[in-house]
$ cat start07.txt   # compact mmCIF, C-alpha atoms
# COMPACT_ATOMS: atom_id res chain seq x y z
CA MET A 33 90.60 28.78 -24.18
CA PRO A 34 86.80 28.46 -23.97
CA SER A 35 84.87 31.67 -23.61
CA LEU A 36 83.47 32.67 -20.24
CA LYS A 37 79.94 32.28 -21.46
CA ASP A 38 80.53 28.71 -22.68
CA VAL A 39 81.92 27.63 -19.33
CA LYS A 40 79.04 29.26 -17.47
CA MET A 41 76.52 27.46 -19.68
CA LYS A 42 78.26 24.17 -19.07
CA ILE A 43 78.17 24.65 -15.30
CA VAL A 44 74.45 25.34 -15.45
CA GLY A 45 73.91 22.26 -17.62
CA VAL A 46 75.83 19.93 -15.32
CA GLY A 47 73.96 21.41 -12.36
CA LYS A 48 70.66 20.46 -13.98
CA THR A 49 71.87 16.93 -14.66
CA LYS A 50 72.87 16.70 -11.04
CA GLN A 51 69.37 17.64 -9.94
CA ILE A 52 67.94 14.85 -12.07
CA THR A 53 70.34 12.18 -10.86
CA LYS A 54 69.76 13.24 -7.28
CA ALA A 55 66.00 12.97 -7.72
CA MET A 56 66.35 9.56 -9.37
CA ASN A 57 68.46 8.41 -6.47
CA MET A 58 65.77 9.42 -4.02
CA VAL A 59 62.99 7.82 -6.06
CA ALA A 60 65.01 4.60 -6.30
CA SER A 61 65.62 4.53 -2.58
CA ALA A 62 61.90 4.94 -1.87
CA LYS A 63 61.05 2.18 -4.32
CA LEU A 64 63.76 -0.03 -2.89
CA ARG A 65 62.18 0.25 0.53
CA GLY A 66 58.87 -0.93 -0.95
CA ALA A 67 60.52 -3.82 -2.77
CA GLN A 68 62.40 -4.89 0.32
CA SER A 69 59.27 -4.94 2.43
CA ARG A 70 57.60 -7.12 -0.19
CA ILE A 71 60.48 -9.56 0.01
CA GLU A 72 60.10 -9.54 3.78
CA SER A 73 56.40 -10.29 3.63
CA PHE A 74 56.94 -13.04 1.06
CA ARG A 75 59.50 -14.78 3.24
CA PRO A 76 57.09 -16.55 5.65
CA TYR A 77 55.15 -17.99 2.72
CA ALA A 78 58.28 -19.20 0.93
CA ALA A 79 59.74 -20.67 4.10
CA LYS A 80 56.54 -22.51 4.97
CA TYR A 81 56.15 -23.79 1.43
CA HIS A 82 59.72 -25.03 1.52
CA ASP A 83 59.06 -26.93 4.76
CA VAL A 84 55.86 -28.53 3.54
CA LEU A 85 57.40 -29.64 0.27
CA ALA A 86 60.52 -31.00 1.96
CA GLU A 87 58.37 -32.97 4.36
CA LEU A 88 56.23 -34.38 1.59
CA SER A 89 58.98 -35.16 -0.89
CA SER A 90 60.85 -37.21 1.69
CA LYS A 91 57.83 -39.53 1.70
CA VAL A 92 57.52 -40.19 -2.01
CA GLU A 93 59.90 -41.62 -4.54
CA GLY A 94 62.13 -39.47 -6.72
CA ASN A 95 60.26 -39.71 -10.00
CA ALA A 96 56.75 -39.57 -8.65
CA HIS A 97 55.86 -36.54 -10.74
CA PRO A 98 56.67 -35.50 -14.32
CA LEU A 99 58.20 -32.23 -13.10
CA LEU A 100 60.75 -34.17 -11.05
CA ALA A 101 61.73 -36.58 -13.79
CA GLU A 102 64.74 -35.82 -15.92
CA HIS A 103 64.14 -36.24 -19.64
CA GLU A 104 66.36 -38.78 -21.35
CA THR A 105 66.98 -36.90 -24.58
CA LYS A 106 67.67 -33.23 -24.19
CA GLN A 107 66.85 -31.17 -27.23
CA ASN A 108 65.05 -28.06 -26.08
CA CYS A 109 66.03 -25.69 -23.36
CA ALA A 110 64.05 -22.73 -22.08
CA ILE A 111 65.54 -19.83 -20.16
CA ILE A 112 63.44 -17.46 -18.10
CA LEU A 113 65.31 -14.17 -18.08
CA ILE A 114 64.25 -11.54 -15.57
CA THR A 115 65.66 -8.05 -16.05
CA SER A 116 64.45 -4.53 -15.42
CA ASP A 117 62.44 -2.45 -17.87
CA ARG A 118 64.58 0.63 -17.63
CA GLY A 119 68.25 1.40 -17.83
CA LEU A 120 70.33 3.88 -15.86
CA CYS A 121 71.14 1.27 -13.27
CA GLY A 122 74.80 0.64 -13.96
CA SER A 123 75.88 -2.76 -15.22
CA PHE A 124 72.96 -4.54 -13.54
CA ASN A 125 71.07 -5.61 -16.66
CA GLY A 126 74.26 -6.15 -18.63
CA ASN A 127 75.51 -8.65 -16.09
CA ILE A 128 72.29 -10.65 -16.11
CA ILE A 129 72.05 -10.63 -19.88
CA SER A 130 75.65 -11.69 -20.45
CA GLN A 131 75.18 -14.54 -17.99
CA ALA A 132 72.07 -15.63 -19.86
CA LEU A 133 73.71 -15.47 -23.27
CA LYS A 134 76.66 -17.44 -21.94
CA LEU A 135 74.33 -20.16 -20.69
CA ALA A 136 72.45 -20.12 -23.99
CA LYS A 137 75.71 -20.58 -25.87
CA GLU A 138 76.72 -23.47 -23.63
CA LYS A 139 73.41 -25.19 -24.19
CA THR A 140 73.65 -24.62 -27.93
CA THR A 141 77.04 -26.28 -28.06
CA GLU A 142 75.54 -29.19 -26.16
CA GLY A 143 73.18 -29.55 -29.09
CA MET A 144 70.05 -28.01 -27.62
CA THR A 145 67.74 -25.45 -29.09
CA VAL A 146 67.45 -22.53 -26.73
CA LYS A 147 64.31 -20.49 -26.33
CA PHE A 148 63.74 -17.54 -24.06
CA SER A 149 60.92 -16.28 -21.92
CA CYS A 150 61.63 -12.72 -20.88
CA VAL A 151 60.33 -10.48 -18.15
CA GLY A 152 61.59 -6.93 -18.49
CA ARG A 153 62.19 -4.90 -21.61
CA LYS A 154 66.00 -4.82 -21.42
CA GLY A 155 66.31 -8.58 -21.47
CA ARG A 156 63.80 -8.97 -24.25
CA ASP A 157 65.59 -6.47 -26.48
CA ALA A 158 68.97 -8.07 -25.90
CA VAL A 159 67.68 -11.57 -26.62
CA LYS A 160 65.95 -10.38 -29.76
CA GLN A 161 69.17 -8.82 -30.96
CA ALA A 162 71.13 -11.98 -30.20
CA GLY A 163 68.68 -13.85 -32.43
CA TYR A 164 67.20 -16.39 -30.04
CA GLU A 165 63.56 -17.34 -30.22
CA ILE A 166 61.32 -15.73 -27.61
CA VAL A 167 58.40 -17.80 -26.38
CA THR A 168 56.77 -15.20 -24.19
CA ALA A 169 57.79 -11.69 -23.25
CA PHE A 170 56.42 -9.52 -20.51
CA ALA A 171 57.57 -5.93 -20.86
CA ASP A 172 56.71 -3.00 -18.62
CA ARG A 173 55.52 -5.29 -15.86
CA MET A 174 58.35 -4.90 -13.37
CA GLY A 175 56.59 -1.92 -11.82
CA SER A 176 53.56 -4.00 -10.89
CA ILE A 177 54.70 -7.50 -10.13
CA ASP A 178 52.31 -9.83 -8.39
CA PHE A 179 51.91 -13.53 -7.93
CA SER A 180 49.69 -13.90 -10.97
CA LEU A 181 52.49 -12.57 -13.18
CA ALA A 182 54.79 -15.26 -11.81
CA SER A 183 52.10 -17.89 -12.48
CA SER A 184 51.59 -16.79 -16.05
CA VAL A 185 55.34 -16.82 -16.71
CA ALA A 186 55.73 -20.28 -15.24
CA GLN A 187 52.53 -21.83 -16.56
CA GLU A 188 53.55 -22.12 -20.19
CA LEU A 189 56.95 -23.57 -19.36
CA ILE A 190 55.51 -26.08 -16.90
CA HIS A 191 53.06 -27.15 -19.55
CA GLY A 192 55.90 -27.33 -22.07
CA TYR A 193 57.95 -29.49 -19.74
CA GLU A 194 55.09 -31.88 -19.11
CA THR A 195 54.36 -32.27 -22.80
CA LEU A 196 58.06 -32.83 -23.51
CA SER A 197 58.48 -29.72 -25.66
CA PHE A 198 61.09 -28.47 -23.17
CA ASP A 199 63.69 -30.69 -21.55
CA GLU A 200 65.28 -28.13 -19.26
CA VAL A 201 64.10 -24.83 -17.84
CA TRP A 202 66.50 -22.32 -16.33
CA LEU A 203 65.82 -19.15 -14.42
CA ILE A 204 68.21 -16.20 -14.46
CA TYR A 205 67.62 -13.14 -12.32
CA GLY A 206 69.41 -10.52 -10.26
CA GLU A 207 69.74 -11.81 -6.76
CA PHE A 208 69.44 -9.23 -4.00
CA VAL A 209 72.33 -9.94 -1.66
CA SER A 210 72.87 -6.49 -0.20
CA MET A 211 72.73 -2.83 -1.13
CA ALA A 212 76.12 -3.15 -2.79
CA GLN A 213 75.81 -6.61 -4.33
CA GLN A 214 73.31 -7.80 -6.91
CA PRO A 215 74.99 -10.66 -8.74
CA PRO A 216 73.12 -12.50 -11.49
CA LYS A 217 71.85 -15.86 -10.28
CA THR A 218 71.31 -18.92 -12.45
CA LEU A 219 68.92 -21.56 -11.22
CA CYS A 220 67.79 -24.83 -12.79
CA LEU A 221 64.03 -24.69 -12.47
CA LEU A 222 63.03 -27.91 -14.20
CA PRO A 223 63.61 -30.80 -13.68
CA LEU A 224 62.68 -29.67 -10.22
CA LYS A 225 64.99 -30.40 -7.35
CA THR A 226 62.90 -30.82 -4.25
CA PRO A 227 64.19 -28.91 -1.25
CA GLU A 228 66.03 -30.98 1.32
CA ALA A 229 64.71 -30.86 4.84
CA ASP A 230 66.72 -28.32 6.77
CA GLU A 231 69.38 -30.30 8.63
CA ASN A 232 69.93 -27.66 11.27
CA ALA A 233 66.28 -27.59 12.20
CA SER A 234 65.66 -31.27 12.82
CA PRO A 235 67.76 -31.90 15.96
CA THR A 236 66.32 -28.90 17.79
CA GLU A 237 62.78 -29.80 16.87
CA THR A 238 60.81 -30.76 19.92
CA GLY A 239 57.53 -32.52 20.29
CA PRO A 240 56.50 -35.85 18.89
CA HIS A 241 57.23 -36.30 15.22
CA CYS A 242 54.25 -38.36 14.30
CA GLU A 243 53.06 -39.63 10.96
CA TYR A 244 51.28 -37.16 8.76
CA VAL A 245 47.78 -37.62 7.47
CA TYR A 246 47.65 -36.70 3.81
CA GLU A 247 44.55 -35.60 2.03
CA PRO A 248 44.35 -36.45 -0.89
CA ARG A 249 47.08 -39.07 -1.38
CA GLU A 250 50.77 -38.06 -1.43
CA GLU A 251 51.17 -38.27 -5.20
CA GLN A 252 48.11 -36.13 -5.85
CA LEU A 253 49.21 -33.58 -3.28
CA LEU A 254 52.61 -33.45 -4.90
CA ALA A 255 50.97 -32.84 -8.25
CA GLU A 256 49.28 -29.80 -6.72
CA LEU A 257 52.29 -28.55 -4.83
CA LEU A 258 55.05 -28.85 -7.40
CA PRO A 259 53.74 -26.55 -10.15
CA ARG A 260 53.06 -23.92 -7.52
CA TYR A 261 56.55 -24.33 -6.17
CA VAL A 262 57.82 -23.30 -9.60
CA ASN A 263 55.60 -20.22 -9.34
CA VAL A 264 57.01 -19.48 -5.92
CA GLN A 265 60.54 -19.59 -7.29
CA VAL A 266 59.70 -17.38 -10.25
CA TYR A 267 57.97 -14.92 -7.92
CA ARG A 268 61.02 -14.85 -5.73
CA GLY A 269 63.11 -14.11 -8.81
CA LEU A 270 60.79 -11.25 -9.74
CA LEU A 271 60.88 -9.73 -6.27
CA ASP A 272 64.64 -10.05 -6.02
CA THR A 273 65.23 -8.54 -9.44
CA SER A 274 62.98 -5.62 -8.63
CA ALA A 275 64.79 -4.89 -5.36
CA SER A 276 68.18 -5.37 -7.01
CA GLU A 277 67.25 -3.02 -9.83
CA HIS A 278 66.43 -0.22 -7.43
CA ALA A 279 69.54 -0.85 -5.35
CA ALA A 280 71.69 -0.83 -8.49
CA ARG A 281 70.04 2.36 -9.68
CA MET A 282 70.59 4.01 -6.33
CA ALA A 283 74.28 3.19 -6.47
CA ALA A 284 74.57 4.33 -10.09
CA MET A 285 72.77 7.61 -9.41
CA ASP A 286 74.83 8.21 -6.31
CA ASN A 287 77.95 7.84 -8.45
CA ALA A 288 76.52 10.11 -11.11
CA THR A 289 75.70 12.81 -8.55
CA ARG A 290 79.21 12.61 -7.19
CA ASN A 291 80.68 12.87 -10.69
CA CYS A 292 78.51 15.92 -11.34
CA ASN A 293 79.91 17.56 -8.23
CA ASP A 294 83.49 16.85 -9.36
CA LEU A 295 82.70 18.20 -12.80
CA ILE A 296 81.14 21.37 -11.40
CA ASN A 297 84.19 21.93 -9.21
CA SER A 298 86.66 21.60 -12.05
CA LEU A 299 84.46 23.73 -14.33
CA THR A 300 84.23 26.45 -11.69
CA LEU A 301 88.01 26.40 -11.45
CA LEU A 302 88.23 26.72 -15.20
CA TYR A 303 85.68 29.53 -15.12
CA ASN A 304 87.65 31.49 -12.54
CA LYS A 305 90.91 30.95 -14.41
CA THR A 306 89.34 32.15 -17.63
CA ARG A 307 87.89 35.16 -15.90
CA GLN A 308 91.24 36.08 -14.38
CA ALA A 309 93.00 35.58 -17.67
CA SER A 310 90.58 37.89 -19.44
CA ILE A 311 90.91 40.56 -16.72
CA THR A 312 94.68 40.31 -16.93
CA SER A 313 94.67 40.68 -20.67
CA GLU A 314 92.32 43.67 -20.43
CA LEU A 315 94.59 45.29 -17.85
CA ILE A 316 97.60 44.76 -20.09
CA ASP A 317 95.66 46.41 -22.91
CA ILE A 318 94.79 49.42 -20.74
CA VAL A 319 98.28 49.76 -19.31
CA GLY A 320 99.74 49.36 -22.79
CA GLY A 321 97.40 52.08 -24.10
CA ALA A 322 98.28 54.47 -21.25
CA GLU A 323 102.01 53.88 -21.83
CA ALA A 324 101.56 54.69 -25.48
CA LEU A 325 99.74 57.97 -24.66
CA ASN A 326 102.38 59.01 -22.15
CA GLY A 327 105.18 57.93 -24.43
CA MET B 74 40.65 -23.49 27.15
CA SER B 75 43.45 -24.87 25.03
CA THR B 76 44.18 -23.16 21.75
CA LEU B 77 46.14 -23.69 18.57
CA GLN B 78 48.20 -21.23 16.57
CA LEU B 79 46.60 -20.32 13.23
CA GLU B 80 48.73 -18.77 10.50
CA VAL B 81 47.23 -17.75 7.17
CA VAL B 82 50.01 -16.65 4.81
CA THR B 83 49.90 -15.47 1.22
CA PRO B 84 52.82 -14.39 -0.99
CA ASP B 85 52.03 -10.76 -0.17
CA LYS B 86 51.39 -10.83 3.54
CA THR B 87 50.45 -12.75 6.63
CA VAL B 88 46.68 -12.40 6.85
CA VAL B 89 45.99 -14.06 10.20
CA SER B 90 48.37 -14.99 12.96
CA SER B 91 46.60 -15.68 16.22
CA GLN B 92 45.64 -18.22 18.85
CA VAL B 93 42.30 -19.80 18.03
CA GLU B 94 40.06 -22.33 19.68
CA MET B 95 39.11 -24.16 16.52
CA ALA B 96 39.27 -23.84 12.74
CA ILE B 97 37.23 -25.32 9.90
CA CYS B 98 39.05 -25.63 6.57
CA PRO B 99 37.56 -26.12 3.09
CA GLY B 100 39.50 -29.28 2.14
CA VAL B 101 39.32 -30.77 -1.35
CA ALA B 102 37.68 -33.87 0.09
CA GLY B 103 35.20 -31.87 2.14
CA GLU B 104 35.37 -29.51 5.06
CA PHE B 105 37.28 -30.60 8.12
CA GLY B 106 37.56 -29.12 11.56
CA VAL B 107 40.83 -28.72 13.42
CA LEU B 108 40.90 -28.59 17.21
CA PRO B 109 43.96 -28.03 19.40
CA ASN B 110 46.48 -30.89 19.31
CA HIS B 111 45.06 -32.30 16.12
CA VAL B 112 47.15 -35.04 14.50
CA SER B 113 49.63 -33.82 11.85
CA ILE B 114 47.80 -33.35 8.60
CA LEU B 115 48.62 -31.92 5.20
CA SER B 116 45.64 -31.24 3.01
CA ALA B 117 44.93 -29.44 -0.23
CA LEU B 118 42.23 -26.78 0.04
CA LYS B 119 39.72 -25.63 -2.51
CA VAL B 120 38.28 -22.18 -2.98
CA GLY B 121 36.20 -21.57 0.07
CA ASP B 122 35.53 -20.15 3.47
CA LEU B 123 37.93 -20.74 6.33
CA ARG B 124 36.19 -20.36 9.68
CA TYR B 125 37.86 -20.04 13.03
CA ARG B 126 36.82 -19.20 16.56
CA ALA B 127 38.94 -16.86 18.61
CA ASP B 128 37.84 -15.53 22.03
CA GLY B 129 34.42 -17.05 21.48
CA LYS B 130 33.83 -15.12 18.25
CA ASP B 131 33.50 -16.69 14.83
CA GLU B 132 35.62 -15.22 12.03
CA HIS B 133 35.53 -15.92 8.31
CA VAL B 134 38.40 -15.78 5.81
CA PHE B 135 38.16 -16.21 2.08
CA ILE B 136 40.75 -18.69 0.72
CA SER B 137 41.50 -19.07 -3.00
CA GLY B 138 42.62 -22.66 -2.59
CA GLY B 139 46.00 -23.77 -1.31
CA PHE B 140 47.24 -26.01 1.48
CA ALA B 141 46.68 -26.54 5.15
CA ASP B 142 49.49 -27.94 7.24
CA MET B 143 48.90 -28.88 10.87
CA ASN B 144 51.98 -29.76 12.85
CA ASN B 145 52.94 -29.31 16.52
CA ASN B 146 49.71 -27.46 17.23
CA VAL B 147 50.41 -24.88 14.51
CA LEU B 148 47.95 -24.77 11.63
CA SER B 149 49.48 -23.01 8.63
CA ILE B 150 47.31 -22.13 5.66
CA LEU B 151 49.20 -21.40 2.44
CA ALA B 152 46.99 -19.63 -0.07
CA GLU B 153 47.65 -17.56 -3.15
CA SER B 154 45.18 -15.05 -1.87
CA ALA B 155 43.23 -14.76 1.34
CA GLU B 156 41.02 -12.01 2.70
CA LYS B 157 39.21 -11.55 5.97
CA ALA B 158 35.46 -11.20 5.57
CA ASN B 159 35.42 -7.45 6.27
CA ASP B 160 38.38 -6.79 3.95
CA ILE B 161 36.63 -8.18 0.90
CA ASP B 162 35.88 -5.63 -1.78
CA GLU B 163 32.29 -6.59 -2.59
CA ALA B 164 31.95 -4.29 -5.57
CA ARG B 165 35.05 -5.78 -7.13
CA ALA B 166 33.87 -9.34 -6.50
CA GLN B 167 30.49 -8.50 -8.02
CA ALA B 168 32.22 -7.03 -11.08
CA ALA B 169 34.39 -10.15 -11.37
CA LYS B 170 31.28 -12.32 -11.16
CA ASP B 171 29.50 -10.38 -13.92
CA ARG B 172 32.61 -10.49 -16.09
CA ALA B 173 33.01 -14.25 -15.64
CA GLU B 174 29.34 -14.87 -16.37
CA LYS B 175 29.56 -12.80 -19.51
CA ARG B 176 32.62 -14.69 -20.62
CA LEU B 177 30.89 -18.01 -20.00
CA ALA B 178 27.87 -16.88 -21.99
CA GLU B 179 30.04 -16.30 -25.04
CA LYS B 180 31.21 -19.57 -26.50
CA ASN B 181 34.97 -19.72 -26.51
CA ASP B 182 37.62 -22.41 -26.54
CA GLN B 183 38.14 -24.76 -23.64
CA ILE B 184 40.92 -22.95 -21.76
CA ASP B 185 38.94 -19.75 -21.50
CA ALA B 186 35.91 -21.59 -20.16
CA THR B 187 37.84 -23.29 -17.37
CA ARG B 188 39.46 -20.02 -16.41
CA ALA B 189 36.17 -18.18 -16.40
CA ASN B 190 34.62 -20.95 -14.32
CA ALA B 191 37.39 -20.69 -11.76
CA ALA B 192 37.00 -16.90 -11.67
CA LEU B 193 33.24 -17.23 -11.24
CA GLN B 194 33.73 -19.70 -8.42
CA ARG B 195 36.12 -17.34 -6.63
CA ALA B 196 33.78 -14.38 -7.04
CA LEU B 197 30.78 -16.31 -5.74
CA VAL B 198 32.60 -17.56 -2.67
CA ARG B 199 34.01 -14.09 -2.02
CA LEU B 200 30.52 -12.60 -2.09
CA GLN B 201 29.26 -15.34 0.18
CA VAL B 202 32.07 -14.86 2.70
CA ALA B 203 31.64 -11.09 2.62
CA LYS B 204 28.09 -11.48 3.97
CA PHE B 205 29.31 -12.75 7.35

$ encode --input "start07.txt" --output "structure tokens"
Amino acid sequence: MPSLKDVKMKIVGVGKTKQITKAMNMVASAKLRGAQSRIESFRPYAAKYHDVLAELSSKVEGNAHPLLAEHETKQNCAIILITSDRGLCGSFNGNIISQALKLAKEKTTEGMTVKFSCVGRKGRDAVKQAGYEIVTAFADRMGSIDFSLASSVAQELIHGYETLSFDEVWLIYGEFVSMAQQPPKTLCLLPLKTPEADENASPTETGPHCEYVYEPREEQLLAELLPRYVNVQVYRGLLDTSASEHAARMAAMDNATRNCNDLINSLTLLYNKTRQASITSELIDIVGGAEALNG
Amino acid sequence: MSTLQLEVVTPDKTVVSSQVEMAICPGVAGEFGVLPNHVSILSALKVGDLRYRADGKDEHVFISGGFADMNNNVLSILAESAEKANDIDEARAQAAKDRAEKRLAEKNDQIDATRANAALQRALVRLQVAKF
């Protein structure tokens, strides 16, 4: 039987933990709101970019740009891994990392050398431990993501793809589906698949669909648009991962707070039981003593 | 008077979304004006000043390069960053200009020079646009 004092101490300790998890939950929910509004404000840009590129790519041939062309021999593969910097968000990072390592293993068995580019400390540490080569790593940047971060992540890999030092580039991040779902998402970034024109949109489109004037020529425009499209996709990955991280942390902290409550309840029960037991034993002592005196 | 819809969007926000009477874009092959019901055009833009007239007033927007897409009387400008003339932080642009000039003065390898040049260009145009 634990002593009364021990149980009391434990209740106080769990209570303090609960305060922390509750605060973290609230911080995460505030940050999630920010991240979600950034996704919202990015959406018009991404949608418009998608339209423009779909329109343009339907006009030019498939292999008009080095980023579209598939390399014949595949030896080197790069994986962009986007995770969070901090833990305490359930299995969120673990899921992304295990997906990435699975892909890396697959590519290795196909005979490719796999290299990583990591955003987020958790991913970087895991990749380092698994023994893969890291090309670039950006740690402690998930708190302040902006478009230039996405560009600098993508730039090196785009350059690598054009100079044939990479033959495939993959992107793995935590997709933000809903508050309850943040599955890891794997996306083949290069060779680039141009977006198809949205089939649902075309029949409803009104107005004359006349020929476009392109300035400069289509191929040159494509050369400008495609690398930036890669940036757009990386940026989307960053935004999604950031929102997912906060959603995952909210859920994890909510769970933790609930567990703390359960623990406090059962400890209080234990405390009361112990207290009663000690009172009972004291009473028995007193009664026993009185009996002896009377005896 | 007929108008066209102008949308200036960046990854972070929609900077302008309004009906305008005309717009002048800094295209890579030179500036071009867009009036209502312009033919569909897709053009790359360089760092520069986007001008438009709404309700008889001229407005200026700084554009850090990007694309202009005119279709169905909607002109969409896609830029990595865009700021209206009165939102430009002049002190910051001035600091960026000084920094870029300093970097250009020191002799470094090629990549740094091109980056500094681009930064200088942006800062100069920002300062210029901010004057309007």

$ closest_atom_pairs --input "start07.txt" --of "chain A" --to "chain B" --cutoff "7 Å" --atoms "all atoms listed in the file" --output "JSON lines"
{"residue": "A:Arg70", "atom": "CA", "partner": "B:Asp85", "partner_atom": "CA", "distance": 6.7}
{"residue": "A:Ser73", "atom": "CA", "partner": "B:Lys86", "partner_atom": "CA", "distance": 5.0}
{"residue": "A:Phe74", "atom": "CA", "partner": "B:Pro84", "partner_atom": "CA", "distance": 4.8}
{"residue": "A:Tyr77", "atom": "CA", "partner": "B:Pro84", "partner_atom": "CA", "distance": 5.7}
{"residue": "A:Gly239", "atom": "CA", "partner": "B:Asn145", "partner_atom": "CA", "distance": 6.8}
{"residue": "A:Cys242", "atom": "CA", "partner": "B:Ser113", "partner_atom": "CA", "distance": 6.9}
{"residue": "A:Glu243", "atom": "CA", "partner": "B:Ser113", "partner_atom": "CA", "distance": 6.8}
{"residue": "A:Tyr244", "atom": "CA", "partner": "B:Ser113", "partner_atom": "CA", "distance": 4.8}
{"residue": "A:Val245", "atom": "CA", "partner": "B:Ile114", "partner_atom": "CA", "distance": 4.4}
{"residue": "A:Tyr246", "atom": "CA", "partner": "B:Leu115", "partner_atom": "CA", "distance": 5.1}
{"residue": "A:Glu247", "atom": "CA", "partner": "B:Ser116", "partner_atom": "CA", "distance": 4.6}
{"residue": "A:Pro248", "atom": "CA", "partner": "B:Ser116", "partner_atom": "CA", "distance": 6.6}
{"residue": "A:Leu253", "atom": "CA", "partner": "B:Ala117", "partner_atom": "CA", "distance": 6.7}

$ residues_around --input "start07.txt" --residues "A:Ile177" --least-positions-apart "5" --cutoff "12 Å" --atoms "all atoms listed in the file" --output "number ranges by chain"
A: 67, 70-71, 114, 116, 151-152, 170-172, 182-185, 266-275; B: 84-85

$ closest_residue --input "start07.txt" --among "B:Ala96, B:Leu200, B:Val134, B:Val120" --to "B:Ala155" --atoms "only C-alpha atoms"
B:Val134

$ atom_distance --input "start07.txt" --atom1 "atom CA of A:Thr289" --atom2 "atom CA of A:Lys54"
6.1 Å

$ atom_distance --input "start07.txt" --atom1 "atom CA of A:Ala101" --atom2 "atom CA of A:Leu221"
12.2 Å

$ residues_near_point --input "start07.txt" --point "(39.5, -8.5, 1.6)" --cutoff "12 Å" --atoms "only C-alpha atoms" --output "PyMOL selection string"
chain B and resi 88+133-137+154-166+196+199-200+202-203

$ atom_distance --input "start07.txt" --atom1 "atom CA of A:Gly47" --atom2 "atom CA of A:Ser298"
12.7 Å

$ residues_around --input "start07.txt" --residues "stretch 187-196 of chain A" --least-positions-apart "6" --cutoff "10 Å" --atoms "all atoms listed in the file" --output "MDAnalysis selection string"
chainID A and resid 97:99 101 103 105:112 149 167:168 181 221:223 258:260 262:263

$ closest_residue --input "start07.txt" --among "A:Arg173, A:Lys160, A:Lys154, A:His278" --to "A:Val59" --atoms "all atoms listed in the file"
A:His278

$ residues_around --input "start07.txt" --residues "B:Arg176" --least-positions-apart "4" --cutoff "10 Å" --atoms "all atoms listed in the file" --output "ChimeraX atom specification"
/B:170-172,180-181,185-186,188-190,193

$ closest_residue --input "start07.txt" --among "A:Arg65, A:Ile52, A:Glu207, A:Asp317" --to "A:Leu120" --atoms "only C-alpha atoms"
A:Ile52
